[in-house]
Amino acid sequence: MKMEYGLVVFDSTHEAIKAEIIVKNAKFHARIIGTPGEIVAGCGLSLRYDLKDSTNLRKLLSDEDINYKGFYHAFRDGLKSSYKEI
């Protein structure tokens with residue numbers, strides 16, 4: 001099964017949890033997941049979201065002063081996953 005989604009990667013657990021609360025309150029479809037091992041980050045948590053929301057999500061996090069390490073486009077095909085920074 002092929003799927004694509006977005007990931008926001010964080011340097012701190014505190015920022016990841018704070019971001020999840022803000023994003024859910026803004027009615028985005030997102031959830032916290034473990035950061036994939038292929039992505040180097042200071043924290044083991046990432047926010048998974050619908051790719052179509054990338055621009056609006058980036059603006060929301062900026063407006064709310066949420067610090068993040070980066071945004072990624074995730075590709076999954078069966079058991080194989082890859083990530084591209086966006």
# chains A, B, ... in the order shown; residues from 1 in each chain; ligands from 1
$ select_by_dssp --residues "chain A" --states "strand (DSSP E or B)" --output "VMD selection string"
chain A and resid 2 to 9 30 to 34 45 to 49 70 to 77 80 to 85
$ write_last_selection --atoms "C-alpha atoms" --output "mmCIF file, in the first residue's frame"
data_model
loop_
_atom_site.group_PDB
_atom_site.id
_atom_site.type_symbol
_atom_site.label_atom_id
_atom_site.label_comp_id
_atom_site.auth_asym_id
_atom_site.auth_seq_id
_atom_site.Cartn_x
_atom_site.Cartn_y
_atom_site.Cartn_z
ATOM 1 C CA LYS A 2 1.403 3.368 -1.026
ATOM 2 C CA MET A 3 0.884 6.491 1.023
ATOM 3 C CA GLU A 4 2.319 9.953 1.417
ATOM 4 C CA TYR A 5 2.159 12.258 4.405
ATOM 5 C CA GLY A 6 4.010 15.099 6.046
ATOM 6 C CA LEU A 7 6.192 15.108 9.159
ATOM 7 C CA VAL A 8 7.307 17.982 11.345
ATOM 8 C CA VAL A 9 10.439 17.032 13.260
ATOM 9 C CA ALA A 30 -2.342 15.450 12.895
ATOM 10 C CA ARG A 31 -0.859 13.206 15.548
ATOM 11 C CA ILE A 32 2.407 12.613 17.355
ATOM 12 C CA ILE A 33 4.470 9.626 16.189
ATOM 13 C CA GLY A 34 8.001 8.416 16.844
ATOM 14 C CA LEU A 45 8.754 12.726 18.486
ATOM 15 C CA SER A 46 7.382 14.072 15.209
ATOM 16 C CA LEU A 47 4.024 15.401 14.125
ATOM 17 C CA ARG A 48 2.401 13.480 11.260
ATOM 18 C CA TYR A 49 -0.036 15.509 9.139
ATOM 19 C CA GLY A 70 12.193 20.642 9.712
ATOM 20 C CA PHE A 71 9.299 19.566 7.527
ATOM 21 C CA TYR A 72 9.490 16.292 5.598
ATOM 22 C CA HIS A 73 7.528 14.638 2.819
ATOM 23 C CA ALA A 74 7.208 10.948 3.719
ATOM 24 C CA PHE A 75 6.715 8.248 1.097
ATOM 25 C CA ARG A 76 5.665 4.758 2.134
ATOM 26 C CA ASP A 77 5.335 1.757 -0.158
ATOM 27 C CA LYS A 80 9.762 0.693 2.605
ATOM 28 C CA SER A 81 9.719 4.354 3.662
ATOM 29 C CA SER A 82 11.714 7.366 2.508
ATOM 30 C CA TYR A 83 11.788 11.003 3.581
ATOM 31 C CA LYS A 84 12.583 14.226 1.745
ATOM 32 C CA GLU A 85 13.003 17.548 3.517
#
$ residues_around --residues "His14 in chain A" --least-positions-apart "2" --cutoff "10 Å" --atoms "only C-alpha atoms" --output "NGL selection string"
:A and (10-12 or 16-19 or 43 or 45 or 66-67)
$ closest_residue --among "A:Ile21, A:Ala26, A:Ile86, A:Met1" --to "Asn56 in chain A" --atoms "only C-alpha atoms"
A:Ala26
$ closest_residue --among "A:Ile22, A:Pro36, A:Phe28, A:Leu79" --to "Asp50 in chain A" --atoms "only C-alpha atoms"
A:Phe28
$ select_by_dssp --residues "chain A" --states "helix (DSSP H, G or I)" --output "number ranges by chain"
A: 13-25, 51-63
$ closest_residue --among "A:Gly37, A:His29, A:Val23, A:Glu15" --to "Arg58 in chain A" --atoms "only C-alpha atoms"
A:Val23
$ atom_distance --atom1 "CA of Lys52 in chain A" --atom2 "CA of Lys69 in chain A"
19.7 Å
$ atom_distance --atom1 "CA of Glu20 in chain A" --atom2 "CA of Gly78 in chain A"
26.8 Å
$ atom_distance --atom1 "CA of Lys59 in chain A" --atom2 "CA of Asn25 in chain A"
14.7 Å
